[in-house]
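Accompanying notes for the structure given below.
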Amino acid sequence: MQRLKTRPSATAVEERSRGRGPAPAGSRSYRWWTPYLFTAPYLALFLTFVVVPIGYGLWISLFHWDINLPAKPFVGLDNYRELFDSDSVEGPRFWRAMRATGLFTALSLPFLLAVPLLVALLMNGKFRGRNLYRAVYFAPYVLGVAVVGLLWRFLLDGNIGMVNHYLGALGLPDDIQWTTDTPSAWWALVGVTVWWTLGFNAVIYLAGLQDIPAELYEAAKVDGAGPWQRFRHVTLPGLRPVALFVVNATLLSSANMFGQSYLITGGAPADQTKTAIFLIAETGLRRFEMGSASAMSFVLSAALMAASALVFRLFRERQEER
């Protein structure tokens with residue numbers, strides 16, 4: 001006689017979903033801790049290399065922490081107060097470095113967003129050797145900052161650099177002090193950064209372009225849309241999720257610029273190109289004032305989190321308008 005199949009009760013289903021009760025025949029056993037077991041390696045690394053250093057840095061910022069001295073007196077929030085005190089030593093230096101960071105970010109961000117997009121649009125076309133051109137544009141990004149900084153320091157040297165040499169050959173001014181005078185030093189840092197990092201943003205843009213359905217462009221052509229209308233009403237909306245990532249990542253990386261300034265200009269002239277990360281590294285690793293350097297780091301982090309939140313809000317508002 002054939003056995004009738006009965007449906008499990010709701011209580012039994014709920015107990016199985018929570019990892020309690022017998023597992024159905026022919027299925028693998030499930031326990032409530034199974035997902036946590038798989039995420040444990042990542043959580044261990046995240047706690048070890050992210051959460052613990054953040055907590056330790058916050059703890060250091062509450063002390064007068066000199067790594068050369070055994071005594072590390074507790075000072076509370078004094079390290080933070082000094083940063084906002086115009087009569088202190090660290091305050092004016094820190095905000096001068098923050099202004100330098102903001103200036104570099106404001107100058108570099110438009111180029112790091114527009115130039116890679118133009119390159120991605122060109123590389124998205126079908127032509128012979130396009131993979132080679134993609135590799136050429138991306139190649140500088142694989143170089144380390146030390147290689148890029150030393151290379152361009154010699155190329156931009158005001159006396160023996162090849163940049164001034166070729167400018168003179170073209171009949172242009174050949175005595176520009178790219179590394180020791182402003183505003184030329186700022187444009188040198190921006191130009192080097194764009195040349196070095198545009199390949200990464202271009203690859204991200206290219207992936208976003210290839211994800212836009214071709215049918216949208218064909219429909220726009222049928223409706224009589226020209227190249228500019230297709231770019232404005234098809235390409236840009238299709239790149240919105242990618243653009244959010246690119247804008248946010250580029251903003252944060254520009255605000256954390258250190259190697260170019262350290263290797264090319266050395267903060268010259270008169271610390272005008274010394275960024276916040278440059279000052280933090282100098283304060284903590286050269287003057288051994290780790291407490292003050294930690295306080296600077298958290299103030300800079302708060303500013304970057306606010307800027308990142310603003311970017312997300314602006315993109316969300318534009319999305320809601322549509």
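How things are named: the first chain in the structure tokens is A, the next is B, and so on; residues count from 1 in each chain; ligands count from 1 in the order shown.
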Can you check which parts of stretch 36-97 of chain A lie within 12 Å of stretch 300-309 of chain A? Per residue, the shortest pair of atoms and distance in Å to one decimal, counting only C-alpha atoms, sorted by chain and number, as a tab-separated table.
residue	atom	partner	partner_atom	distance
A:Ile54	CA	A:Ser301	CA	11.0
A:Leu58	CA	A:Ser301	CA	11.8
A:Tyr80	CA	A:Leu300	CA	11.6
A:Leu83	CA	A:Leu300	CA	11.2
A:Phe94	CA	A:Leu300	CA	9.8
A:Trp95	CA	A:Leu300	CA	10.2
A:Ala97	CA	A:Leu300	CA	10.5
Let me see the file: selected residues, all heavy atoms, as a compact mmCIF listing (two decimals), in the first residue's frame.
# COMPACT_ATOMS: atom_id res chain seq x y z
N ILE A 54 42.27 50.97 14.51
CA ILE A 54 41.48 52.19 14.73
C ILE A 54 41.34 52.46 16.22
O ILE A 54 41.53 53.59 16.69
CB ILE A 54 40.11 52.06 14.06
CG1 ILE A 54 40.26 52.10 12.53
CG2 ILE A 54 39.19 53.19 14.51
CD1 ILE A 54 38.95 51.88 11.80
N LEU A 58 42.94 55.63 18.26
CA LEU A 58 42.12 56.52 19.08
C LEU A 58 42.66 56.59 20.51
O LEU A 58 42.68 57.66 21.13
CB LEU A 58 40.67 56.02 19.09
CG LEU A 58 39.65 56.88 19.84
CD1 LEU A 58 39.58 58.27 19.23
CD2 LEU A 58 38.28 56.22 19.81
N TYR A 80 43.44 67.20 20.41
CA TYR A 80 42.41 67.71 19.49
C TYR A 80 42.21 69.20 19.68
O TYR A 80 41.99 69.93 18.70
CB TYR A 80 41.09 66.96 19.73
CG TYR A 80 41.15 65.49 19.37
CD1 TYR A 80 41.47 64.54 20.33
CD2 TYR A 80 40.89 65.07 18.07
CE1 TYR A 80 41.52 63.19 20.00
CE2 TYR A 80 40.94 63.72 17.72
CZ TYR A 80 41.27 62.78 18.70
OH TYR A 80 41.32 61.46 18.37
N LEU A 83 44.65 71.36 17.76
CA LEU A 83 44.42 71.47 16.33
C LEU A 83 43.44 72.58 15.99
O LEU A 83 43.47 73.13 14.89
CB LEU A 83 43.89 70.14 15.78
CG LEU A 83 44.82 68.93 15.92
CD1 LEU A 83 44.18 67.70 15.31
CD2 LEU A 83 46.17 69.20 15.28
N PHE A 94 48.47 72.36 10.83
CA PHE A 94 47.53 71.34 10.38
C PHE A 94 46.53 71.91 9.39
O PHE A 94 46.26 71.30 8.34
CB PHE A 94 46.81 70.74 11.58
CG PHE A 94 45.74 69.76 11.21
CD1 PHE A 94 46.06 68.53 10.67
CD2 PHE A 94 44.40 70.07 11.41
CE1 PHE A 94 45.08 67.62 10.32
CE2 PHE A 94 43.42 69.17 11.07
CZ PHE A 94 43.75 67.95 10.53
N TRP A 95 45.98 73.07 9.68
CA TRP A 95 44.96 73.62 8.78
C TRP A 95 45.57 74.17 7.51
O TRP A 95 44.90 74.21 6.46
CB TRP A 95 44.15 74.68 9.51
CG TRP A 95 43.31 74.06 10.59
CD1 TRP A 95 43.50 74.15 11.93
CD2 TRP A 95 42.18 73.20 10.38
NE1 TRP A 95 42.55 73.41 12.58
CE2 TRP A 95 41.73 72.82 11.67
CE3 TRP A 95 41.52 72.73 9.25
CZ2 TRP A 95 40.64 71.98 11.83
CZ3 TRP A 95 40.44 71.88 9.42
CH2 TRP A 95 40.00 71.52 10.70
N ALA A 97 47.98 72.54 6.05
CA ALA A 97 48.07 71.28 5.30
C ALA A 97 46.69 70.84 4.80
O ALA A 97 46.58 70.29 3.70
CB ALA A 97 48.69 70.19 6.17
Would you list the contacts of stretch 199-209 of chain A as a ChimeraX atom specification, taking every protein, DNA or RNA residue within 10 Å and counting only C-alpha atoms, but skipping same-chain residues closer than 5 positions in sequence?
/A:112-124,134-142,194,214,235-236,238-243,245-247,249-250
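Nearest to A:Thr265 of all the residues A:Val234, A:Leu37, A:Leu285, A:Leu150 is A:Leu150, counting only C-alpha atoms.
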Need to verify the contact set: stretch 275-278 of chain A, 10 Å, only C-alpha atoms, exclusion of same-chain residues closer than 4 positions in sequence. Can you return it as JSON, numbers by chain?
{"A": [93, 94, 95, 96, 97, 98, 99, 100, 101, 102, 103, 104, 255, 256, 257, 258, 259, 260, 261, 262, 266, 267, 271, 282, 283, 293, 296, 297, 300]}
Next, dump the selected residues to file, keeping only N, CA, C and O atoms, as a compact mmCIF listing (two decimals), in the first residue's frame.
# COMPACT_ATOMS: atom_id res chain seq x y z
N ARG A 93 49.66 74.82 11.47
CA ARG A 93 50.33 73.91 10.54
C ARG A 93 49.35 72.88 9.98
O ARG A 93 49.38 72.56 8.79
N PHE A 94 48.47 72.36 10.83
CA PHE A 94 47.53 71.34 10.38
C PHE A 94 46.53 71.91 9.39
O PHE A 94 46.26 71.30 8.34
N TRP A 95 45.98 73.07 9.68
CA TRP A 95 44.96 73.62 8.78
C TRP A 95 45.57 74.17 7.51
O TRP A 95 44.90 74.21 6.46
N ARG A 96 46.84 74.57 7.54
CA ARG A 96 47.53 74.91 6.29
C ARG A 96 47.68 73.67 5.41
O ARG A 96 47.49 73.73 4.20
N ALA A 97 47.98 72.54 6.05
CA ALA A 97 48.07 71.28 5.30
C ALA A 97 46.69 70.84 4.80
O ALA A 97 46.58 70.29 3.70
N MET A 98 45.65 71.07 5.57
CA MET A 98 44.30 70.73 5.13
C MET A 98 43.89 71.59 3.94
O MET A 98 43.23 71.11 3.01
N ARG A 99 44.28 72.87 3.94
CA ARG A 99 43.98 73.72 2.79
C ARG A 99 44.72 73.23 1.55
O ARG A 99 44.18 73.24 0.44
N ALA A 100 45.96 72.81 1.74
CA ALA A 100 46.72 72.26 0.61
C ALA A 100 46.05 71.00 0.09
O ALA A 100 45.97 70.79 -1.14
N THR A 101 45.55 70.16 0.98
CA THR A 101 44.85 68.95 0.56
C THR A 101 43.59 69.30 -0.20
O THR A 101 43.29 68.70 -1.25
N GLY A 102 42.82 70.26 0.29
CA GLY A 102 41.61 70.68 -0.40
C GLY A 102 41.90 71.28 -1.76
O GLY A 102 41.17 71.03 -2.72
N LEU A 103 42.97 72.06 -1.85
CA LEU A 103 43.31 72.67 -3.13
C LEU A 103 43.70 71.62 -4.15
O LEU A 103 43.26 71.66 -5.31
N PHE A 104 44.53 70.66 -3.74
CA PHE A 104 44.91 69.60 -4.67
C PHE A 104 43.70 68.79 -5.11
O PHE A 104 43.55 68.45 -6.29
N ALA A 255 42.38 63.18 -1.66
CA ALA A 255 42.55 63.79 -0.34
C ALA A 255 43.64 63.10 0.47
O ALA A 255 44.12 63.68 1.45
N ASN A 256 44.02 61.88 0.08
CA ASN A 256 45.08 61.15 0.77
C ASN A 256 46.40 61.20 0.01
O ASN A 256 47.28 60.35 0.24
N MET A 257 46.57 62.17 -0.88
CA MET A 257 47.80 62.27 -1.65
C MET A 257 48.99 62.55 -0.75
O MET A 257 48.96 63.45 0.10
N PHE A 258 50.04 61.77 -0.91
CA PHE A 258 51.23 61.93 -0.10
C PHE A 258 52.52 61.75 -0.91
O PHE A 258 53.40 62.60 -0.90
N GLY A 259 52.62 60.64 -1.63
CA GLY A 259 53.88 60.30 -2.28
C GLY A 259 54.34 61.31 -3.30
O GLY A 259 55.53 61.65 -3.37
N GLN A 260 53.41 61.84 -4.11
CA GLN A 260 53.82 62.80 -5.14
C GLN A 260 54.39 64.07 -4.52
O GLN A 260 55.42 64.57 -4.95
N SER A 261 53.71 64.56 -3.49
CA SER A 261 54.19 65.77 -2.83
C SER A 261 55.52 65.52 -2.12
O SER A 261 56.44 66.35 -2.17
N TYR A 262 55.64 64.39 -1.48
CA TYR A 262 56.86 64.08 -0.73
C TYR A 262 58.06 63.92 -1.65
O TYR A 262 59.16 64.39 -1.33
N GLY A 266 58.63 67.91 -2.17
CA GLY A 266 59.07 67.95 -0.78
C GLY A 266 58.30 68.93 0.06
O GLY A 266 58.79 69.38 1.11
N GLY A 267 57.10 69.29 -0.37
CA GLY A 267 56.30 70.27 0.35
C GLY A 267 56.60 71.70 -0.02
O GLY A 267 55.94 72.62 0.47
N ASP A 271 56.27 74.85 2.52
CA ASP A 271 55.23 73.92 2.95
C ASP A 271 53.88 74.17 2.29
O ASP A 271 52.85 73.67 2.76
N GLU A 282 55.02 63.18 8.85
CA GLU A 282 56.17 63.92 9.39
C GLU A 282 56.06 64.06 10.91
O GLU A 282 57.05 63.89 11.64
N THR A 283 54.86 64.36 11.40
CA THR A 283 54.66 64.54 12.84
C THR A 283 54.89 63.24 13.61
O THR A 283 55.53 63.23 14.67
N ALA A 293 49.81 63.17 15.92
CA ALA A 293 49.59 62.63 14.58
C ALA A 293 48.30 61.82 14.52
O ALA A 293 47.55 61.88 13.53
N MET A 296 45.37 64.21 14.39
CA MET A 296 45.23 64.74 13.03
C MET A 296 44.56 63.73 12.11
O MET A 296 43.71 64.09 11.28
N SER A 297 44.93 62.47 12.25
CA SER A 297 44.37 61.43 11.40
C SER A 297 42.86 61.31 11.58
O SER A 297 42.12 61.17 10.60
N LEU A 300 41.07 64.34 10.03
CA LEU A 300 41.04 64.18 8.57
C LEU A 300 40.03 63.10 8.18
O LEU A 300 39.29 63.27 7.20
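Minimum distance to A:Gly57 across A:Ala295, A:Ala219, A:Val75, A:Leu252 (counting only C-alpha atoms) occurs at A:Ala295.
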